[in-house]
Amino acid sequence: GRRENSTDMEYKHLPQCIQEVMGEWDADGSGKVSASELAAAAQAYKKIQQEGRLMRKIILGLAIVILILMVSIFVLSFAAAEAAKEMRGSSDGVMKTPGGEVVKLSSSDFEVAADGSLIIRGASISNATCPAGQTCRRLGAATGSGSLKVSQS
């Protein structure tokens, strides 16, 4: 009767792999696992499960925070780029300043002559030549002169 109602369980007669597992929980190394040692093992198992669930929640929360931060950085970068613009294009193709004035542009390489032709800046129609190494050189080579006629519409 006493052996069947004992609070200790001997494990030395069990297979080696089970002895190794039971030995992990045999705190006093007696070759027997007591009910209190088994209860401590069950409590440790529950604690590990709870910690695992908590870690999953923490990782999910951090992932959401990182996602929110990335979206915020994108939105702020976009807003800063929009705020820094000195002029904006509209759907009709007209560039305007933030104050609504039409932007006036000029080329540092070309100008429009009195007859409406596009010529190299500082040159007259008769002596229009491209300076060496300039991008306007292609215009002179393509047309045979340094000018390009612009049609009036």
# chains A, B, ... in the order shown; residues from 1 in each chain; ligands from 1
call {"tool": "residues_around", "arguments": {"residues": "range 32-36 of chain A", "least_positions_apart": "6", "cutoff": "12 Å", "atoms": "only C-alpha atoms", "output": "PyMOL selection string"}}
result
chain A and resi 5-14+19+21-26+42-43
call {"tool": "write_last_selection", "arguments": {"atoms": "C-alpha atoms", "output": "mmCIF file, in the first residue's frame"}}
result
data_model
loop_
_atom_site.group_PDB
_atom_site.id
_atom_site.type_symbol
_atom_site.label_atom_id
_atom_site.label_comp_id
_atom_site.auth_asym_id
_atom_site.auth_seq_id
_atom_site.Cartn_x
_atom_site.Cartn_y
_atom_site.Cartn_z
ATOM 1 C CA ASN A 5 0.678 6.009 -2.432
ATOM 2 C CA SER A 6 4.268 7.330 -2.368
ATOM 3 C CA THR A 7 5.045 10.934 -3.306
ATOM 4 C CA ASP A 8 8.300 9.815 -4.975
ATOM 5 C CA MET A 9 8.737 8.016 -8.284
ATOM 6 C CA GLU A 10 11.861 5.997 -9.028
ATOM 7 C CA TYR A 11 13.099 6.308 -12.596
ATOM 8 C CA LYS A 12 16.358 4.278 -12.655
ATOM 9 C CA HIS A 13 14.535 1.207 -14.014
ATOM 10 C CA LEU A 14 13.138 3.162 -17.022
ATOM 11 C CA GLN A 19 16.132 8.621 -17.194
ATOM 12 C CA VAL A 21 14.681 13.635 -18.867
ATOM 13 C CA MET A 22 13.641 12.681 -15.338
ATOM 14 C CA GLY A 23 17.162 13.428 -14.092
ATOM 15 C CA GLU A 24 16.692 17.030 -15.231
ATOM 16 C CA TRP A 25 13.924 17.406 -12.624
ATOM 17 C CA ASP A 26 15.501 15.343 -9.849
ATOM 18 C CA ALA A 42 5.016 21.765 -14.607
ATOM 19 C CA GLN A 43 5.178 25.319 -13.248
#
call {"tool": "select_by_dssp", "arguments": {"residues": "range 41-119 of chain A", "states": "alpha helix (DSSP H)", "output": "PyMOL selection string"}}
result
chain A and resi 41-84
call {"tool": "atom_distance", "arguments": {"atom1": "CA of Leu76 in chain A", "atom2": "CA of Gly61 in chain A"}}
result
22.5 Å
call {"tool": "select_by_dssp", "arguments": {"residues": "range 11-137 of chain A", "states": "strand (DSSP E)", "output": "list in words"}}
result
Lys32, Val33, Ser34, Arg88, Gly89, Met95, Lys96, Phe110, Glu111, Val112, Ser117, Leu118, Ile119 and Ile120 of chain A
call {"tool": "atom_distance", "arguments": {"atom1": "CA of Ser77 in chain A", "atom2": "CA of Ile58 in chain A"}}
result
28.4 Å
call {"tool": "atom_distance", "arguments": {"atom1": "CA of Tyr45 in chain A", "atom2": "CA of Ile18 in chain A"}}
result
17.4 Å
